[in-house]
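Text of query.cif (mmCIF, C-alpha atoms and all ligand atoms) as supplied:
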```
data_query
#
loop_
_atom_site.group_PDB
_atom_site.id
_atom_site.type_symbol
_atom_site.label_atom_id
_atom_site.label_comp_id
_atom_site.auth_asym_id
_atom_site.auth_seq_id
_atom_site.Cartn_x
_atom_site.Cartn_y
_atom_site.Cartn_z
ATOM 1 C CA MET A 1 13.418 -44.955 -11.763
ATOM 2 C CA VAL A 2 14.974 -44.903 -8.305
ATOM 3 C CA SER A 3 16.457 -41.577 -7.328
ATOM 4 C CA ASN A 4 20.145 -41.443 -6.516
ATOM 5 C CA ILE A 5 19.848 -38.262 -4.541
ATOM 6 C CA LYS A 6 21.315 -38.523 -1.062
ATOM 7 C CA VAL A 7 19.765 -36.379 1.636
ATOM 8 C CA LEU A 8 22.735 -35.188 3.687
ATOM 9 C CA LYS A 9 20.634 -33.142 6.100
ATOM 10 C CA ASP A 10 16.868 -32.794 5.978
ATOM 11 C CA ASN A 11 16.091 -29.125 6.683
ATOM 12 C CA SER A 12 12.557 -29.164 5.337
ATOM 13 C CA ASN A 13 11.153 -28.627 8.826
ATOM 14 C CA ASN A 14 14.038 -26.556 10.171
ATOM 15 C CA ILE A 15 12.555 -23.081 10.393
ATOM 16 C CA GLU A 16 15.832 -21.414 11.391
ATOM 17 C CA VAL A 17 17.643 -22.653 8.286
ATOM 18 C CA LYS A 18 14.708 -21.874 5.990
ATOM 19 C CA GLU A 19 14.552 -18.272 7.169
ATOM 20 C CA GLU A 20 18.290 -17.727 6.904
ATOM 21 C CA LYS A 21 18.808 -15.625 3.804
ATOM 22 C CA TYR A 22 20.849 -12.815 2.341
ATOM 23 C CA ILE A 23 20.381 -9.640 4.351
ATOM 24 C CA GLU A 24 20.608 -6.532 2.222
ATOM 25 C CA PRO A 25 22.761 -3.794 3.821
ATOM 26 C CA TYR A 26 21.332 -0.439 4.941
ATOM 27 C CA PRO A 27 20.557 2.211 3.789
ATOM 28 C CA ARG A 28 17.906 0.739 1.481
ATOM 29 C CA LYS A 29 15.611 2.326 -1.049
ATOM 30 C CA LEU A 30 11.889 2.248 -1.487
ATOM 31 C CA ILE A 31 9.220 3.889 -3.614
ATOM 32 C CA CYS A 32 6.483 5.313 -1.392
ATOM 33 C CA GLU A 33 3.104 3.727 -2.086
ATOM 34 C CA GLY A 34 1.349 6.969 -1.243
ATOM 35 C CA CYS A 35 3.206 9.609 -3.272
ATOM 36 C CA GLN A 36 5.617 7.526 -5.395
ATOM 37 C CA SER A 37 8.614 9.436 -3.980
ATOM 38 C CA GLU A 38 11.923 7.604 -3.885
ATOM 39 C CA LEU A 39 13.077 7.252 -0.287
ATOM 40 C CA GLU A 40 16.253 6.024 1.335
ATOM 41 C CA TYR A 41 15.919 4.648 4.855
ATOM 42 C CA ASP A 42 18.184 3.270 7.524
ATOM 43 C CA GLU A 43 17.631 0.465 10.000
ATOM 44 C CA PHE A 44 16.603 2.929 12.752
ATOM 45 C CA ASP A 45 13.859 4.364 10.490
ATOM 46 C CA LEU A 46 11.959 1.094 10.637
ATOM 47 C CA VAL A 47 8.878 0.905 12.818
ATOM 48 C CA MET A 48 7.164 -2.278 13.973
ATOM 49 C CA GLY A 49 3.467 -2.237 13.199
ATOM 50 C CA GLU A 50 0.284 -4.100 12.413
ATOM 51 C CA TYR A 51 0.454 -7.817 11.629
ATOM 52 C CA GLY A 52 4.043 -7.948 12.992
ATOM 53 C CA CYS A 53 5.480 -6.274 9.886
ATOM 54 C CA MET A 54 8.078 -3.531 9.712
ATOM 55 C CA TYR A 55 7.115 -0.190 8.162
ATOM 56 C CA VAL A 56 8.680 3.027 6.882
ATOM 57 C CA ASP A 57 6.561 6.162 7.300
ATOM 58 C CA CYS A 58 6.941 8.568 4.380
ATOM 59 C CA PRO A 59 8.200 12.027 5.505
ATOM 60 C CA ILE A 60 6.311 13.664 2.631
ATOM 61 C CA CYS A 61 2.838 12.131 2.571
ATOM 62 C CA GLY A 62 2.814 10.119 5.798
ATOM 63 C CA GLU A 63 2.099 6.808 4.040
ATOM 64 C CA HIS A 64 2.752 3.830 6.312
ATOM 65 C CA ASN A 65 4.753 1.683 3.846
ATOM 66 C CA MET A 66 4.657 -2.007 4.744
ATOM 67 C CA LEU A 67 7.930 -3.907 4.181
ATOM 68 C CA VAL A 68 6.626 -7.419 3.735
ATOM 69 C CA ASP A 69 10.033 -9.040 3.286
ATOM 70 C CA ASN A 70 11.947 -7.207 5.996
ATOM 71 C CA GLU A 71 13.970 -9.638 8.117
ATOM 72 C CA LYS A 72 12.774 -7.963 11.331
ATOM 73 C CA SER A 73 9.104 -8.692 10.593
ATOM 74 C CA ILE A 74 7.775 -11.361 12.945
ATOM 75 C CA THR A 75 5.137 -14.074 12.878
ATOM 76 C CA LEU A 76 2.510 -13.235 15.464
ATOM 77 C CA THR A 77 1.355 -15.775 18.012
ATOM 78 C CA VAL A 78 -0.798 -15.571 21.146
ATOM 79 C CA ASP A 79 2.429 -15.365 23.144
ATOM 80 C CA ASN A 80 4.105 -12.446 21.371
ATOM 81 C CA ILE A 81 1.279 -10.114 20.306
ATOM 82 C CA GLU A 82 1.304 -6.633 21.777
ATOM 83 C CA PHE A 83 -1.488 -4.114 21.826
ATOM 84 C CA PRO A 84 -1.805 -1.736 20.071
ATOM 85 C CA VAL A 85 1.450 -2.039 18.092
ATOM 86 C CA HIS A 86 0.588 -5.257 16.202
ATOM 87 C CA PHE A 87 -3.027 -4.320 15.564
ATOM 88 C CA HIS A 88 -4.615 -2.618 12.612
ATOM 89 C CA HIS A 89 -6.735 0.273 13.869
ATOM 90 C CA VAL A 90 -9.491 -0.412 11.361
ATOM 91 C CA SER A 91 -11.867 2.319 12.426
ATOM 92 C CA VAL A 92 -9.410 5.174 11.895
ATOM 93 C CA GLU A 93 -7.997 3.713 8.693
ATOM 94 C CA THR A 94 -7.876 6.286 5.896
ATOM 95 C CA GLY A 95 -11.271 6.329 4.252
ATOM 96 C CA ALA A 96 -13.075 4.401 7.016
ATOM 97 C CA LYS A 97 -16.592 5.802 6.846
ATOM 98 C CA GLU A 98 -18.802 6.834 9.757
ATOM 99 C CA ARG A 99 -21.311 3.988 9.945
ATOM 100 C CA CYS A 100 -22.042 3.782 13.632
ATOM 101 C CA ASN A 101 -25.553 5.196 13.561
ATOM 102 C CA THR A 102 -29.117 3.977 14.175
ATOM 103 C CA GLU A 103 -29.939 3.304 10.538
ATOM 104 C CA GLU A 104 -26.797 1.221 9.840
ATOM 105 C CA ILE A 105 -27.148 -0.669 13.124
ATOM 106 C CA ARG A 106 -30.786 -1.519 12.403
ATOM 107 C CA ASN A 107 -29.831 -2.746 8.921
ATOM 108 C CA GLU A 108 -27.094 -5.002 10.293
ATOM 109 C CA LEU A 109 -29.359 -6.363 13.044
ATOM 110 C CA ARG A 110 -32.050 -7.193 10.495
ATOM 111 C CA ARG A 111 -29.440 -9.130 8.513
ATOM 112 C CA ALA A 112 -28.240 -10.925 11.641
ATOM 113 C CA ILE A 113 -31.706 -11.958 12.814
ATOM 114 C CA THR A 114 -32.714 -13.086 9.327
ATOM 115 C CA TYR A 115 -29.563 -15.208 9.281
ATOM 116 C CA PHE A 116 -30.351 -16.765 12.679
ATOM 117 C CA ARG A 117 -33.960 -17.515 11.692
ATOM 118 C CA GLU A 118 -32.660 -19.443 8.701
ATOM 119 C CA ASN A 119 -29.756 -21.065 10.577
ATOM 120 C CA LYS A 120 -31.084 -22.013 14.011
ATOM 121 C CA GLU A 121 -27.990 -24.073 14.899
ATOM 122 C CA GLU A 122 -25.714 -21.017 14.558
ATOM 123 C CA THR A 123 -24.943 -18.953 17.663
ATOM 124 C CA ASP A 124 -22.600 -16.153 16.526
ATOM 125 C CA TRP A 125 -22.792 -13.533 13.808
ATOM 126 C CA TYR A 126 -20.653 -10.448 13.296
ATOM 127 C CA THR A 127 -19.824 -7.883 10.678
ATOM 128 C CA TRP A 128 -17.858 -4.707 10.289
ATOM 129 C CA SER A 129 -18.148 -1.809 7.927
ATOM 130 C CA GLY A 130 -16.398 1.555 8.147
ATOM 131 C CA ASN A 131 -16.045 2.354 11.856
ATOM 132 C CA LEU A 132 -18.924 0.071 12.903
ATOM 133 C CA PHE A 133 -18.482 -3.386 14.379
ATOM 134 C CA VAL A 134 -21.583 -5.468 15.202
ATOM 135 C CA PHE A 135 -21.626 -8.786 17.044
ATOM 136 C CA VAL A 136 -24.825 -10.747 17.714
ATOM 137 C CA ARG A 137 -25.193 -13.933 19.747
ATOM 138 C CA ARG A 138 -28.304 -16.126 19.719
ATOM 139 C CA TRP A 139 -29.030 -17.360 23.243
ATOM 140 C CA SER A 140 -31.587 -20.127 22.853
ATOM 141 C CA GLY A 141 -31.694 -20.717 26.655
ATOM 142 C CA ASP A 142 -32.447 -17.072 27.444
ATOM 143 C CA GLU A 143 -34.549 -16.728 24.287
ATOM 144 C CA ASN A 144 -32.903 -13.503 23.187
ATOM 145 C CA TYR A 145 -30.209 -11.992 21.001
ATOM 146 C CA GLU A 146 -27.284 -10.299 22.664
ATOM 147 C CA VAL A 147 -25.991 -7.357 20.620
ATOM 148 C CA VAL A 148 -22.560 -5.725 20.904
ATOM 149 C CA VAL A 149 -21.837 -2.584 18.895
ATOM 150 C CA SER A 150 -18.518 -0.773 18.701
ATOM 151 C CA LYS A 151 -17.646 2.379 16.820
ATOM 152 C CA ASP A 152 -13.906 1.840 17.168
ATOM 153 C CA PHE A 153 -12.034 -1.404 16.832
ATOM 154 C CA TYR A 154 -8.752 -3.076 15.920
ATOM 155 C CA ASN A 155 -7.911 -6.344 14.198
ATOM 156 C CA MET A 156 -4.886 -8.591 13.720
ATOM 157 C CA GLU A 157 -4.202 -12.078 12.387
ATOM 158 C CA ILE A 158 -2.597 -15.149 13.919
ATOM 159 C CA ASP A 159 -1.414 -17.812 11.478
ATOM 160 C CA PHE A 160 -2.557 -21.411 11.870
ATOM 161 C CA GLU A 161 -0.183 -23.839 13.524
ATOM 162 C CA ASP A 162 -0.400 -27.607 13.009
ATOM 163 C CA LYS A 163 -2.967 -28.013 15.814
ATOM 164 C CA ASP A 164 -5.306 -25.522 14.156
ATOM 165 C CA TYR A 165 -6.076 -27.484 10.996
ATOM 166 C CA GLU A 166 -9.281 -29.536 10.878
ATOM 167 C CA ARG A 167 -7.213 -32.540 9.882
ATOM 168 C CA LYS A 168 -3.520 -33.163 10.299
ATOM 169 C CA ARG A 169 -1.704 -32.368 7.066
ATOM 170 C CA ASP A 170 -0.007 -35.788 6.977
ATOM 171 C CA GLU A 171 -3.293 -37.704 6.973
ATOM 172 C CA SER A 172 -4.251 -36.298 3.600
ATOM 173 C CA LYS A 173 -1.145 -37.727 1.939
HETATM 174 ZN ZN ZN B 1 4.904 9.346 0.374
#
```
Mind turning this structure into structure tokens?
Ligand SMILES: [Zn+2]
Amino acid sequence: MVSNIKVLKDNSNNIEVKEEKYIEPYPRKLICEGCQSELEYDEFDLVMGEYGCMYVDCPICGEHNMLVDNEKSITLTVDNIEFPVHFHHVSVETGAKERCNTEEIRNELRRAITYFRENKEETDWYTWSGNLFVFVRRWSGDENYEVVVSKDFYNMEIDFEDKDYERKRDESK
């Protein structure tokens, strides 16, 4: 059956139109994820934070409440990221354990070198756990492993754009 639907204006790739939505007036309410208190916040209470999201910090327990759907949250790119505001300070995150010590580092390096012995074409290996970040590079020319250890680090995420996919999306259709 042939469709009779007429496309008056194709907005499927128009980001501005897609993101245009009802904006709820302030003040707004929220239940704190930390202490379950009911909070009312205004626009000026919002703080920009990790991953480009807006947050409300609870005055009672200090919980950094992420507002995933807030209209002021932004999509991060290499051109708009700012340090440290858009980064997650992983190593001071609540509950991040002290792992930057000789025993933990030796364990991670054993894992890395075992991995490289089994995967000789690989050049990079990294891991993080608690406040420890370990990066190892296999230098076949120099015949050694370069090791970087950090006991404090941050992370963030940048979404894929069309150029970042292995294959263009259209080719799979
Ligand atoms: Zn709270």
(Q) Please determine, counting all atoms listed in the file, which residue among A:Glu82, A:Glu33, A:Glu50, A:Asp69 has the shortest atom-to-atom distance to ligand ZN 1 (chain B). (A) A:Glu33
Q) Within 12 Å of Gly34 in chain A, counting all atoms listed in the file, which residues qualify if same-chain residues fewer than 3 places away don't, as a PyMOL selection string? A) chain A and resi 30-31+37-39+56-66+94
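What separates CA of Glu24 in chain A from CA of Lys72 in chain A is a distance of 12.1 Å.
Here the PyMOL selection byres (((chain A and resi 136) around 9) and not hetatm) catches exactly these residues: Leu109, Ala112, Ile113, Thr123, Asp124, Trp125, Tyr126, Val134, Phe135, Arg137, Arg138, Tyr145, Glu146, Val147, Val148 and Val149 of chain A.
Residues in contact with Arg99 in chain A at up to 8 Å, not including ones fewer than 5 positions away on its chain and judged by all atoms listed in the file, are A:Glu104, A:Ser129, A:Gly130, A:Asn131, A:Leu132, A:Lys151.
One distance worth recording is that between CA of Lys29 in chain A and CA of Asp42 in chain A, which is 9.0 Å.
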